[in-house]
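Below is the file data-v9.tsv, which contains TSV, C-alpha atoms and all ligand atoms.
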```tsv
chain	number	residue	atom	x	y	z
N	1	MET	CA	-183.75	31.03	118.89
N	2	SER	CA	-185.68	28.64	121.10
N	3	SER	CA	-183.97	25.43	122.11
N	4	GLY	CA	-185.75	22.11	122.68
N	5	PRO	CA	-186.52	19.38	120.20
N	6	LEU	CA	-187.00	20.41	116.59
N	7	LEU	CA	-187.26	16.93	115.13
N	8	GLN	CA	-188.71	13.92	116.89
N	9	LEU	CA	-188.96	10.39	115.55
N	10	ARG	CA	-191.10	8.20	117.79
N	11	GLU	CA	-191.30	4.43	117.40
N	12	LEU	CA	-190.91	4.93	113.68
N	13	ASP	CA	-191.27	2.03	111.24
N	14	CYS	CA	-190.73	2.60	107.52
N	15	GLY	CA	-189.73	0.68	104.41
N	16	TYR	CA	-190.85	-0.10	100.90
N	17	GLY	CA	-194.22	-1.76	100.32
N	18	ALA	CA	-194.44	-4.75	102.64
N	19	GLN	CA	-190.67	-4.70	103.27
N	20	SER	CA	-189.93	-3.13	106.64
N	21	VAL	CA	-186.47	-1.51	106.67
N	22	VAL	CA	-186.37	0.67	109.78
N	23	ARG	CA	-188.01	-0.45	113.01
N	24	HIS	CA	-188.84	1.17	116.35
N	25	LEU	CA	-186.71	4.21	115.66
N	26	ASN	CA	-186.62	6.85	118.37
N	27	LEU	CA	-184.51	9.97	118.23
N	28	HIS	CA	-184.75	13.68	118.71
N	29	LEU	CA	-182.70	16.59	117.47
N	30	ASN	CA	-182.63	19.92	119.29
N	31	ARG	CA	-182.84	23.22	117.44
N	32	GLY	CA	-179.48	24.35	116.10
N	33	GLU	CA	-177.96	20.88	116.38
N	34	ILE	CA	-176.46	18.72	113.68
N	35	GLY	CA	-177.23	15.02	113.83
N	36	CYS	CA	-175.84	12.21	111.78
N	37	LEU	CA	-177.10	8.79	110.74
N	38	LEU	CA	-174.11	6.47	110.50
N	39	GLY	CA	-173.93	2.78	109.74
N	40	PRO	CA	-172.95	0.11	107.25
N	41	SER	CA	-174.39	0.01	103.77
N	42	GLY	CA	-178.05	-1.03	103.60
N	43	CYS	CA	-178.83	-0.40	107.29
N	44	GLY	CA	-181.60	2.11	106.54
N	45	LYS	CA	-179.98	5.55	106.81
N	46	THR	CA	-181.26	6.91	103.50
N	47	THR	CA	-184.69	5.36	104.06
N	48	THR	CA	-184.93	7.24	107.37
N	49	LEU	CA	-183.83	10.48	105.73
N	50	ARG	CA	-186.39	10.04	102.95
N	51	ALA	CA	-189.13	9.46	105.52
N	52	ILE	CA	-188.13	12.68	107.31
N	53	ALA	CA	-188.18	14.53	103.98
N	54	GLY	CA	-191.65	13.16	103.21
N	55	PHE	CA	-190.59	11.11	100.16
N	56	GLU	CA	-191.56	7.84	101.85
N	57	PRO	CA	-194.63	7.13	104.00
N	58	VAL	CA	-194.23	5.62	107.46
N	59	SER	CA	-195.93	2.38	108.46
N	60	ALA	CA	-195.95	3.01	112.23
N	61	GLY	CA	-194.90	5.68	114.71
N	62	GLU	CA	-194.67	9.38	113.96
N	63	ILE	CA	-192.40	12.23	112.91
N	64	LEU	CA	-192.78	15.69	114.43
N	65	LEU	CA	-191.13	18.88	113.22
N	66	GLY	CA	-191.49	21.40	116.02
N	67	ASP	CA	-195.08	20.94	117.14
N	68	THR	CA	-196.31	19.74	113.74
N	69	LEU	CA	-197.00	16.09	113.09
N	70	ILE	CA	-195.59	15.64	109.58
N	71	SER	CA	-195.80	11.83	109.21
N	72	ARG	CA	-197.74	8.99	110.72
N	73	LYS	CA	-199.39	5.94	109.21
N	74	GLY	CA	-201.88	7.18	106.62
N	75	HIS	CA	-200.68	10.80	106.75
N	76	THR	CA	-197.61	12.21	104.95
N	77	LEU	CA	-197.36	15.98	104.76
N	78	ALA	CA	-196.06	16.79	101.25
N	79	PRO	CA	-192.28	17.39	101.09
N	80	GLU	CA	-192.68	20.98	99.82
N	81	LYS	CA	-194.85	21.85	102.83
N	82	ARG	CA	-192.34	20.66	105.43
N	83	ARG	CA	-189.83	23.54	105.45
N	84	ILE	CA	-187.10	20.96	105.04
N	85	GLY	CA	-184.19	21.47	102.63
N	86	MET	CA	-182.20	18.72	100.95
N	87	VAL	CA	-178.66	18.38	99.70
N	88	PHE	CA	-177.92	15.25	97.66
N	89	GLN	CA	-174.77	13.27	96.94
N	90	ASP	CA	-174.88	14.13	93.22
N	91	TYR	CA	-175.57	17.88	93.82
N	92	ALA	CA	-178.73	17.75	91.60
N	93	LEU	CA	-178.20	21.27	90.23
N	94	PHE	CA	-180.22	22.50	87.26
N	95	PRO	CA	-177.70	22.34	84.39
N	96	HIS	CA	-179.36	25.04	82.27
N	97	LEU	CA	-179.43	27.59	85.11
N	98	THR	CA	-176.49	29.69	86.30
N	99	VAL	CA	-175.16	29.41	89.84
N	100	ALA	CA	-177.19	32.48	90.92
N	101	GLU	CA	-180.32	31.17	89.18
N	102	ASN	CA	-179.92	27.79	90.89
N	103	VAL	CA	-179.69	29.49	94.28
N	104	ALA	CA	-182.71	31.69	93.43
N	105	PHE	CA	-184.82	28.73	92.30
N	106	GLY	CA	-186.89	28.19	95.44
N	107	ILE	CA	-187.24	31.86	96.44
N	108	ARG	CA	-187.98	33.69	93.16
N	109	LYS	CA	-191.38	34.79	94.39
N	110	GLN	CA	-189.92	36.60	97.38
N	111	PRO	CA	-189.58	40.38	96.81
N	112	ASP	CA	-185.97	40.64	98.01
N	113	TYR	CA	-184.76	37.36	96.57
N	114	GLU	CA	-181.79	38.92	94.76
N	115	ARG	CA	-180.37	40.09	98.04
N	116	THR	CA	-180.82	36.62	99.55
N	117	VAL	CA	-178.99	35.11	96.57
N	118	ARG	CA	-176.11	37.55	97.07
N	119	ASP	CA	-175.97	36.70	100.79
N	120	MET	CA	-176.06	32.97	100.08
N	121	LEU	CA	-173.27	33.17	97.50
N	122	GLU	CA	-171.18	35.13	99.95
N	123	LEU	CA	-171.91	32.58	102.68
N	124	VAL	CA	-170.58	29.73	100.56
N	125	HIS	CA	-167.71	31.83	99.12
N	126	LEU	CA	-168.93	31.73	95.54
N	127	THR	CA	-169.72	35.42	94.88
N	128	PRO	CA	-167.42	35.67	91.83
N	129	LEU	CA	-168.95	32.58	90.19
N	130	GLY	CA	-172.64	33.57	90.17
N	131	LYS	CA	-172.87	33.73	86.38
N	132	ARG	CA	-171.24	30.37	85.69
N	133	TYR	CA	-173.12	27.19	84.83
N	134	PRO	CA	-172.79	24.01	86.94
N	135	HIS	CA	-170.58	22.25	84.36
N	136	GLU	CA	-168.07	25.09	84.72
N	137	LEU	CA	-167.57	24.33	88.43
N	138	SER	CA	-165.55	21.80	90.41
N	139	GLY	CA	-167.36	19.14	92.47
N	140	GLY	CA	-166.73	21.04	95.71
N	141	GLN	CA	-168.06	24.27	94.18
N	142	GLN	CA	-171.16	22.48	92.88
N	143	GLN	CA	-171.87	21.12	96.34
N	144	ARG	CA	-171.54	24.63	97.77
N	145	VAL	CA	-174.12	25.85	95.26
N	146	ALA	CA	-176.42	23.00	96.30
N	147	LEU	CA	-175.96	24.03	99.93
N	148	ALA	CA	-176.71	27.69	99.15
N	149	ARG	CA	-179.80	26.68	97.18
N	150	ALA	CA	-181.06	24.51	100.03
N	151	LEU	CA	-180.42	27.22	102.66
N	152	ALA	CA	-181.93	30.12	100.68
N	153	PRO	CA	-185.59	29.44	101.66
N	154	GLU	CA	-184.46	29.25	105.33
N	155	PRO	CA	-185.57	25.70	106.03
N	156	GLU	CA	-186.19	24.68	109.61
N	157	LEU	CA	-184.19	21.54	108.98
N	158	LEU	CA	-181.60	20.63	106.36
N	159	LEU	CA	-181.10	17.02	105.27
N	160	LEU	CA	-177.79	16.07	103.68
N	161	ASP	CA	-177.52	12.66	102.01
N	162	GLU	CA	-173.86	11.61	101.66
N	163	PRO	CA	-173.06	15.17	100.53
N	164	PHE	CA	-169.30	14.75	100.32
N	165	SER	CA	-168.97	11.23	98.99
N	166	ASN	CA	-168.25	12.33	95.41
N	167	LEU	CA	-165.33	14.45	96.58
N	168	ASP	CA	-161.90	13.21	97.40
N	169	GLY	CA	-159.87	13.13	100.62
N	170	ASP	CA	-158.64	16.58	101.47
N	171	LEU	CA	-161.49	18.50	99.81
N	172	ARG	CA	-163.97	16.25	101.54
N	173	ARG	CA	-162.46	17.05	104.91
N	174	ARG	CA	-162.28	20.79	104.26
N	175	LEU	CA	-165.82	21.03	102.92
N	176	SER	CA	-167.27	19.03	105.79
N	177	HIS	CA	-165.69	21.44	108.31
N	178	GLU	CA	-166.87	24.39	106.26
N	179	VAL	CA	-170.44	23.08	106.12
N	180	ARG	CA	-170.48	22.66	109.88
N	181	GLU	CA	-169.29	26.26	110.33
N	182	ILE	CA	-171.93	27.58	107.92
N	183	LEU	CA	-174.75	25.65	109.59
N	184	LYS	CA	-173.61	26.67	113.06
N	185	ALA	CA	-173.24	30.34	112.04
N	186	ARG	CA	-176.84	30.33	110.78
N	187	GLY	CA	-178.19	28.16	113.59
N	188	THR	CA	-179.58	25.73	111.01
N	189	SER	CA	-180.47	22.27	112.31
N	190	ALA	CA	-179.42	19.42	110.08
N	191	ILE	CA	-179.33	15.67	109.68
N	192	LEU	CA	-176.48	14.18	107.71
N	193	VAL	CA	-176.30	10.67	106.32
N	194	THR	CA	-172.87	9.13	105.90
N	195	HIS	CA	-171.03	5.86	106.27
N	196	ASP	CA	-167.79	7.73	106.96
N	197	GLN	CA	-167.08	7.93	110.65
N	198	GLU	CA	-164.50	10.70	110.40
N	199	GLU	CA	-167.00	12.85	108.52
N	200	ALA	CA	-169.75	12.07	111.03
N	201	PHE	CA	-167.53	13.13	113.91
N	202	ALA	CA	-166.25	16.27	112.14
N	203	VAL	CA	-169.70	17.62	111.33
N	204	SER	CA	-172.12	16.41	113.99
N	205	ASP	CA	-173.15	17.08	117.56
N	206	GLN	CA	-175.07	13.80	117.84
N	207	VAL	CA	-174.48	10.63	115.90
N	208	GLY	CA	-176.82	7.66	115.55
N	209	VAL	CA	-175.26	4.28	114.83
N	210	PHE	CA	-177.59	2.03	112.82
N	211	LYS	CA	-177.46	-1.70	112.47
N	212	ASP	CA	-179.95	-3.65	110.36
N	213	GLY	CA	-182.62	-0.93	110.51
N	214	ARG	CA	-182.28	-0.36	114.25
N	215	LEU	CA	-180.66	2.54	116.02
N	216	GLU	CA	-178.13	1.10	118.46
N	217	GLN	CA	-177.07	4.40	120.05
N	218	TRP	CA	-177.82	8.10	119.54
N	219	ASP	CA	-175.13	10.01	121.32
N	220	THR	CA	-172.20	12.43	121.13
N	221	PRO	CA	-169.13	11.28	119.19
N	222	TYR	CA	-167.19	11.25	122.49
N	223	ASN	CA	-169.66	8.90	124.17
N	224	LEU	CA	-169.88	6.62	121.14
N	225	TYR	CA	-166.13	6.18	121.27
N	226	HIS	CA	-165.63	6.00	125.03
N	227	GLU	CA	-168.96	4.67	126.26
N	228	PRO	CA	-170.44	2.46	123.57
N	229	LEU	CA	-173.64	0.82	124.76
N	230	THR	CA	-173.44	-2.28	122.58
N	231	PRO	CA	-170.64	-4.47	121.23
N	232	PHE	CA	-171.67	-3.44	117.71
N	233	VAL	CA	-171.19	0.27	118.45
N	234	ALA	CA	-167.90	-0.51	120.20
N	235	SER	CA	-166.65	-2.35	117.15
N	236	PHE	CA	-168.11	-0.08	114.46
N	237	ILE	CA	-166.69	3.09	116.00
N	238	GLY	CA	-162.94	3.50	116.21
N	239	GLN	CA	-160.30	0.81	116.40
N	240	GLY	CA	-159.09	-1.59	119.02
N	241	TYR	CA	-159.16	-5.12	120.28
N	242	PHE	CA	-161.32	-7.09	122.66
N	243	ILE	CA	-159.46	-9.21	125.15
N	244	ARG	CA	-161.00	-11.76	127.47
N	245	GLY	CA	-161.28	-10.94	131.18
N	246	GLN	CA	-163.02	-11.85	134.38
N	247	LEU	CA	-165.01	-9.33	136.38
N	248	LEU	CA	-163.62	-9.09	139.92
N	249	ASP	CA	-166.02	-6.42	141.15
N	250	PRO	CA	-168.29	-3.92	139.34
N	251	GLU	CA	-165.36	-1.69	138.31
N	252	THR	CA	-162.44	-4.11	138.04
N	253	VAL	CA	-161.45	-6.79	135.57
N	254	GLN	CA	-158.69	-9.40	135.69
N	255	THR	CA	-157.02	-9.84	132.30
N	256	GLU	CA	-153.78	-11.17	130.91
N	257	LEU	CA	-152.56	-7.56	131.17
N	258	GLY	CA	-153.21	-7.59	134.90
N	259	VAL	CA	-156.03	-5.97	136.83
N	260	ILE	CA	-157.72	-3.10	135.00
N	261	ARG	CA	-159.87	-0.69	136.96
N	262	GLY	CA	-162.20	1.76	135.29
N	263	ASN	CA	-164.72	4.38	136.31
N	264	ARG	CA	-167.88	2.57	135.21
N	265	ALA	CA	-169.71	0.02	137.29
N	266	TYR	CA	-171.03	-3.18	135.69
N	267	VAL	CA	-173.91	-5.08	137.17
N	268	MET	CA	-172.79	-8.55	136.08
N	269	PRO	CA	-171.95	-10.93	138.94
N	270	ALA	CA	-168.33	-11.14	140.11
N	271	GLY	CA	-166.56	-13.90	138.20
N	272	SER	CA	-168.44	-13.23	134.95
N	273	SER	CA	-166.46	-13.79	131.82
N	274	VAL	CA	-166.24	-10.53	129.88
N	275	ASP	CA	-164.79	-9.00	126.73
N	276	VAL	CA	-162.75	-5.89	127.51
N	277	LEU	CA	-162.42	-3.21	124.85
N	278	LEU	CA	-158.92	-1.80	124.52
N	279	ARG	CA	-158.45	1.04	122.05
N	280	PRO	CA	-155.01	2.11	120.81
N	281	ASP	CA	-155.08	5.20	123.02
N	282	ASP	CA	-155.77	3.04	126.09
N	283	ILE	CA	-152.30	1.52	125.71
N	284	VAL	CA	-149.54	3.90	126.78
N	285	TYR	CA	-145.79	3.63	126.46
N	286	ALA	CA	-144.32	2.96	129.91
N	287	PRO	CA	-140.58	2.11	129.72
N	288	ASP	CA	-140.37	1.02	133.36
N	289	SER	CA	-143.47	-1.16	133.31
N	290	PRO	CA	-143.01	-4.86	134.01
N	291	LEU	CA	-145.65	-5.49	131.33
N	292	LYS	CA	-143.58	-6.09	128.19
N	293	THR	CA	-144.84	-6.54	124.65
N	294	LEU	CA	-143.15	-7.33	121.38
N	295	ILE	CA	-143.53	-4.89	118.51
N	296	VAL	CA	-144.76	-6.84	115.50
N	297	GLY	CA	-146.02	-4.01	113.29
N	298	LYS	CA	-145.71	-0.28	112.95
N	299	THR	CA	-147.54	2.50	111.05
N	300	PHE	CA	-146.06	5.98	111.17
N	301	LEU	CA	-148.87	8.54	111.34
N	302	GLY	CA	-146.87	11.76	111.72
N	303	ALA	CA	-147.49	13.08	115.22
N	304	SER	CA	-147.97	9.54	116.49
N	305	THR	CA	-147.12	5.98	115.56
N	306	LEU	CA	-149.52	3.05	115.69
N	307	TYR	CA	-147.80	-0.13	116.90
N	308	ARG	CA	-149.09	-3.67	116.76
N	309	LEU	CA	-148.02	-5.29	119.99
N	310	GLN	CA	-147.82	-8.97	120.82
N	311	LEU	CA	-148.42	-10.15	124.36
N	312	PRO	CA	-146.61	-13.12	125.92
N	313	THR	CA	-149.73	-15.26	125.24
N	314	GLY	CA	-149.47	-14.48	121.52
N	315	ASN	CA	-152.52	-12.21	121.59
N	316	GLN	CA	-152.10	-8.86	119.91
N	317	LEU	CA	-153.13	-5.28	120.65
N	318	GLU	CA	-152.62	-1.91	119.05
N	319	GLY	CA	-151.06	1.00	120.90
N	320	ILE	CA	-150.62	4.56	119.72
N	321	PHE	CA	-147.54	6.37	121.04
N	322	PRO	CA	-146.17	9.87	120.34
N	323	SER	CA	-143.84	9.47	117.39
N	324	HIS	CA	-140.87	10.84	119.35
N	325	ALA	CA	-140.69	7.43	121.00
N	326	ASP	CA	-139.54	5.50	117.95
N	327	PHE	CA	-139.13	1.71	118.06
N	328	ARG	CA	-138.31	-0.99	115.57
N	329	THR	CA	-140.27	-4.11	114.81
N	330	GLY	CA	-138.91	-6.92	116.98
N	331	GLU	CA	-138.10	-4.63	119.92
N	332	SER	CA	-139.65	-5.19	123.34
N	333	VAL	CA	-141.45	-2.23	124.96
N	334	GLY	CA	-143.10	-1.67	128.32
N	335	ILE	CA	-146.74	-0.65	128.30
N	336	ALA	CA	-149.38	0.41	130.79
N	337	ILE	CA	-153.16	0.43	130.47
N	338	ALA	CA	-154.97	3.75	130.83
N	339	ALA	CA	-158.52	2.61	130.25
N	340	ASP	CA	-160.39	4.74	132.74
N	341	HIS	CA	-163.42	4.44	130.45
N	342	LEU	CA	-163.43	0.71	131.04
N	343	VAL	CA	-165.80	-0.86	128.51
N	344	VAL	CA	-166.76	-4.50	128.99
N	345	PHE	CA	-169.48	-6.72	127.58
N	346	PRO	CA	-170.56	-10.26	128.46
N	347	ALA	CA	-167.98	-12.51	126.79
N	348	GLN	CA	-169.00	-13.72	123.36
N	349	GLY	CA	-169.86	-17.36	123.71
N	350	SER	CA	-171.01	-16.92	127.30
N	351	ILE	CA	-174.69	-17.23	128.15
N	352	ALA	CA	-175.09	-13.50	128.70
N	353	ALA	CA	-173.66	-12.58	125.31
N	354	HIS	CA	-176.12	-12.24	122.49
N	355	GLU	CA	-174.41	-9.95	120.01
N	356	LYS	CA	-172.54	-10.86	116.87
N	357	PHE	CA	-169.77	-8.80	115.31
N	358	PRO	CA	-170.70	-8.53	111.64
N	359	GLU	CA	-167.93	-6.13	110.74
N	360	SER	CA	-165.53	-4.10	112.74
N	361	GLY	CA	-162.64	-1.79	113.18
N	362	VAL	CA	-162.34	-3.58	116.51
N	363	ARG	CA	-161.06	-7.13	116.54
N	364	ARG	CA	-161.13	-9.75	119.18
N	365	TYR	CA	-158.63	-12.25	120.39
N	366	SER	CA	-156.08	-11.29	117.86
N	367	SER	CA	-154.23	-14.58	118.03
N	368	ASP	CA	-157.28	-16.10	116.29
N	369	ILE	CA	-156.82	-13.85	113.26
H	401	LIG	N1	-186.72	2.02	96.54
H	401	LIG	C1	-186.51	0.90	97.23
H	401	LIG	N2	-187.33	-0.17	97.11
H	401	LIG	C2	-187.13	-1.31	97.82
H	401	LIG	N3	-186.11	-1.48	98.69
H	401	LIG	C3	-185.25	-0.45	98.85
H	401	LIG	C4	-185.40	0.78	98.14
H	401	LIG	N4	-184.39	1.61	98.52
H	401	LIG	C5	-183.66	0.92	99.42
H	401	LIG	N5	-184.16	-0.31	99.64
H	401	LIG	C6	-183.66	-1.33	100.57
H	401	LIG	O1	-183.77	-0.82	101.89
H	401	LIG	C7	-182.63	-1.20	102.67
H	401	LIG	C8	-182.02	0.05	103.29
H	401	LIG	O2	-181.55	0.88	102.24
H	401	LIG	P1	-180.99	2.35	102.53
H	401	LIG	O3	-180.74	3.01	101.20
H	401	LIG	O4	-181.86	3.06	103.49
H	401	LIG	O5	-179.61	1.99	103.24
H	401	LIG	P2	-178.39	2.93	103.61
H	401	LIG	O6	-178.09	2.65	105.04
H	401	LIG	O7	-178.68	4.35	103.25
H	401	LIG	O8	-177.25	2.32	102.70
H	401	LIG	P3	-176.06	3.01	101.84
H	401	LIG	O9	-175.03	3.48	102.82
H	401	LIG	O10	-175.57	1.88	100.99
H	401	LIG	O11	-176.70	4.12	101.04
H	401	LIG	C9	-181.71	-1.97	101.75
H	401	LIG	O12	-181.90	-3.33	101.99
H	401	LIG	C10	-182.18	-1.57	100.36
H	401	LIG	O13	-181.96	-2.63	99.46
```
Take the structure in this file and express it as structure tokens.
Ligand SMILES: Nc1ncnc2c1ncn2[C@@H]1O[C@H](COP(=O)(O)OP(=O)(O)OP(=O)(O)O)[C@@H](O)[C@H]1O
Amino acid sequence: MSSGPLLQLRELDCGYGAQSVVRHLNLHLNRGEIGCLLGPSGCGKTTTLRAIAGFEPVSAGEILLGDTLISRKGHTLAPEKRRIGMVFQDYALFPHLTVAENVAFGIRKQPDYERTVRDMLELVHLTPLGKRYPHELSGGQQQRVALARALAPEPELLLLDEPFSNLDGDLRRRLSHEVREILKARGTSAILVTHDQEEAFAVSDQVGVFKDGRLEQWDTPYNLYHEPLTPFVASFIGQGYFIRGQLLDPETVQTELGVIRGNRAYVMPAGSSVDVLLRPDDIVYAPDSPLKTLIVGKTFLGASTLYRLQLPTGNQLEGIFPSHADFRTGESVGIAIAADHLVVFPAQGSIAAHEKFPESGVRRYSSDI
């Protein structure tokens, strides 16, 4: 299999009629990779997916699949000519066809289609259920049939639109891992749309975080968490708090927790007021540390415990400690900061800051809350 970009979106604009939804979108997906479009409701994920599938025209920019230009303004290659498969949230199986007939639907004209159907059913672990009808299957089984049906014609790219959102907790997690394994085993490239971060991270190699029709960052899950490029990505991905600090030099910040030194250099002038991102795993239990905090909340998570910690100023943070170290609310504990991926942004309210925080798993200045 050749590597290199399979899908390229260049300066893409698309929407509905005169309404522009997605603007200046650039991304590329290499062959064999799984990408994900992640973001709050209404930010344009499904619109982008539909443009890739060929269901919506584009108003500027272009989409390439391999070397073929499949969309640009005034030209939309028909969906059935794109070699792109789709899996939908509601499975969209044909109710009057059996499982095997559903899987065979797009390949019936191929001479050895029966063998392909058998292989596909085996791939998705549904061999014994080939003669059943969709209404005789669970939600997870129906989604596996939809996956087998989409993979049977060997698409170059598979698009999955919120494929697990009708399934609940545990099944959702299991099926998302299973789908990743199946796609990886076949080397199938895919783009998944979801608003569930855990699912995005479990399935994808690259994740794009959308905000208001713009892609803020297209990156690995690790980089999105540890090296967010914008305050929105920092707050949308993961949990944590922003605390106020002052940049001492490109890698060092003075905060109420003392001096924090990271491994990234910031180009803002020394003395700049900054917001420092502290995630729960940046705060470590350190019994001998002079830095003491008061435990004001506690959530037992099994292997670890998430503590809400109050600083002497009244500001709060969250810290995640191994659950062997068990403390009660009201106790004082020593902490240290292990934020080698130091993430800072111009302080909100300062001249350099221009971002708003519309929603977040990350909060700022917790004493304000
Ligand atoms: N058929 C349509 N006609 C006009 N506007 C639409 C249409 N479909 C979606 N929109 C609008 O386009 C914007 C983006 O919608 P889209 O479905 O792409 O968002 P999304 O990120 O997939 O959201 P969600 O997670 O809720 O599915 C929204 O403002 C939505 O109201």
Could you give me the centre and size, in Å to one decimal, of an axis-aligned box around all listed atoms of ligand LIG 401 (chain H) with 8 Å added on every side, as AutoDock Vina command-line options?
```
--center_x -181.2 --center_y 0.5 --center_z 100.8 --size_x 28.3 --size_y 23.7 --size_z 24.5
```
Spatial neighbours of region 279-282 of chain N, max dist 8 Å, all atoms listed in the file, sep filter under 6 positions, as a count of residues only:
13
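The spacing separating CA of Met86 (chain N) from CA of Pro5 (chain N) amounts to 19.7 Å.
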Between CA of Leu69 (chain N) and CA of Ala53 (chain N), what is the distance, to one decimal in Å?
12.8 Å
Using all atoms listed in the file, find each protein or nucleic acid residue lying at most 6 Å from ligand LIG 401 (chain H); present the set as a ChimeraX atom specification.
/N:16,21,40-47,195
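With all atoms listed in the file taken into account, the protein and nucleic acid residues at most 7 Å from Ile335 (chain N) (excluding it and anything under 3 positions from it in its own chain) are Ile283, Val284, Tyr285, Ala286, Pro287, Ser289, Leu291 and Lys292 of chain N.
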Distance criterion (all atoms listed in the file): nearest to His28 (chain N) out of N:Ser323, N:Ser165, N:Ser189, N:Thr305:
N:Ser189
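Closest to Leu65 (chain N) among N:Leu175, N:Leu157, N:Ala100, N:Val276 is N:Leu157, based on only C-alpha atoms.
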Env of region 142-149 of chain N: 6 Å cut, atoms = all atoms listed in the file, seq-sep filter 6 positions within chain, self excluded. Answer as a PyMOL selection string.
chain N and resi 91+103+120+124
Next, write the just-selected residues to a file, as a PDB file, in the coordinates of the input, keeping C-alpha atoms as the atom set.
```pdb
ATOM      1  CA  TYR N  91    -175.570  17.880  93.820  1.00  0.00           C
ATOM      2  CA  VAL N 103    -179.690  29.490  94.280  1.00  0.00           C
ATOM      3  CA  MET N 120    -176.060  32.970 100.080  1.00  0.00           C
ATOM      4  CA  VAL N 124    -170.580  29.730 100.560  1.00  0.00           C
TER       5      VAL N 124
END
```
With only C-alpha atoms as the counted atoms, please give the residues lying no more than 9 Å from Gln8 (chain N), apart from itself and same-chain residues fewer than 3 positions off, as a PyMOL selection string.
chain N and resi 5+26-30+62-66
Regenerate region 10-23 of chain N at the level of N, CA and C atoms and dump it as a PDB file, in the coordinates of the input.
```
ATOM      1  N   ARG N  10    -190.625   9.018 116.668  1.00  0.00           N
ATOM      2  CA  ARG N  10    -191.100   8.200 117.790  1.00  0.00           C
ATOM      3  C   ARG N  10    -191.572   6.848 117.281  1.00  0.00           C
ATOM      4  N   GLU N  11    -190.910   5.816 117.739  1.00  0.00           N
ATOM      5  CA  GLU N  11    -191.300   4.430 117.400  1.00  0.00           C
ATOM      6  C   GLU N  11    -191.563   4.276 115.909  1.00  0.00           C
ATOM      7  N   LEU N  12    -190.683   4.859 115.131  1.00  0.00           N
ATOM      8  CA  LEU N  12    -190.910   4.930 113.680  1.00  0.00           C
ATOM      9  C   LEU N  12    -190.588   3.598 112.993  1.00  0.00           C
ATOM     10  N   ASP N  13    -191.513   3.163 112.144  1.00  0.00           N
ATOM     11  CA  ASP N  13    -191.270   2.030 111.240  1.00  0.00           C
ATOM     12  C   ASP N  13    -191.451   2.559 109.826  1.00  0.00           C
ATOM     13  N   CYS N  14    -190.523   2.245 108.924  1.00  0.00           N
ATOM     14  CA  CYS N  14    -190.730   2.600 107.520  1.00  0.00           C
ATOM     15  C   CYS N  14    -189.962   1.636 106.635  1.00  0.00           C
ATOM     16  N   GLY N  15    -190.345   1.615 105.359  1.00  0.00           N
ATOM     17  CA  GLY N  15    -189.730   0.680 104.410  1.00  0.00           C
ATOM     18  C   GLY N  15    -190.335   0.877 103.047  1.00  0.00           C
ATOM     19  N   TYR N  16    -190.354  -0.188 102.267  1.00  0.00           N
ATOM     20  CA  TYR N  16    -190.850  -0.100 100.900  1.00  0.00           C
ATOM     21  C   TYR N  16    -191.900  -1.184 100.698  1.00  0.00           C
ATOM     22  N   GLY N  17    -193.137  -0.787 100.456  1.00  0.00           N
ATOM     23  CA  GLY N  17    -194.220  -1.760 100.320  1.00  0.00           C
ATOM     24  C   GLY N  17    -194.315  -2.566 101.605  1.00  0.00           C
ATOM     25  N   ALA N  18    -194.319  -3.890 101.448  1.00  0.00           N
ATOM     26  CA  ALA N  18    -194.440  -4.750 102.640  1.00  0.00           C
ATOM     27  C   ALA N  18    -193.096  -4.935 103.339  1.00  0.00           C
ATOM     28  N   GLN N  19    -192.016  -4.495 102.693  1.00  0.00           N
ATOM     29  CA  GLN N  19    -190.670  -4.700 103.270  1.00  0.00           C
ATOM     30  C   GLN N  19    -190.373  -3.626 104.325  1.00  0.00           C
ATOM     31  N   SER N  20    -190.245  -4.066 105.558  1.00  0.00           N
ATOM     32  CA  SER N  20    -189.930  -3.130 106.640  1.00  0.00           C
ATOM     33  C   SER N  20    -188.417  -2.974 106.716  1.00  0.00           C
ATOM     34  N   VAL N  21    -187.929  -1.743 106.666  1.00  0.00           N
ATOM     35  CA  VAL N  21    -186.470  -1.510 106.670  1.00  0.00           C
ATOM     36  C   VAL N  21    -186.017  -0.953 108.014  1.00  0.00           C
ATOM     37  N   VAL N  22    -186.747   0.026 108.522  1.00  0.00           N
ATOM     38  CA  VAL N  22    -186.370   0.670 109.780  1.00  0.00           C
ATOM     39  C   VAL N  22    -187.449   0.360 110.804  1.00  0.00           C
ATOM     40  N   ARG N  23    -187.025  -0.044 112.006  1.00  0.00           N
ATOM     41  CA  ARG N  23    -188.010  -0.450 113.010  1.00  0.00           C
ATOM     42  C   ARG N  23    -187.763   0.213 114.372  1.00  0.00           C
TER      43      ARG N  23
END
```
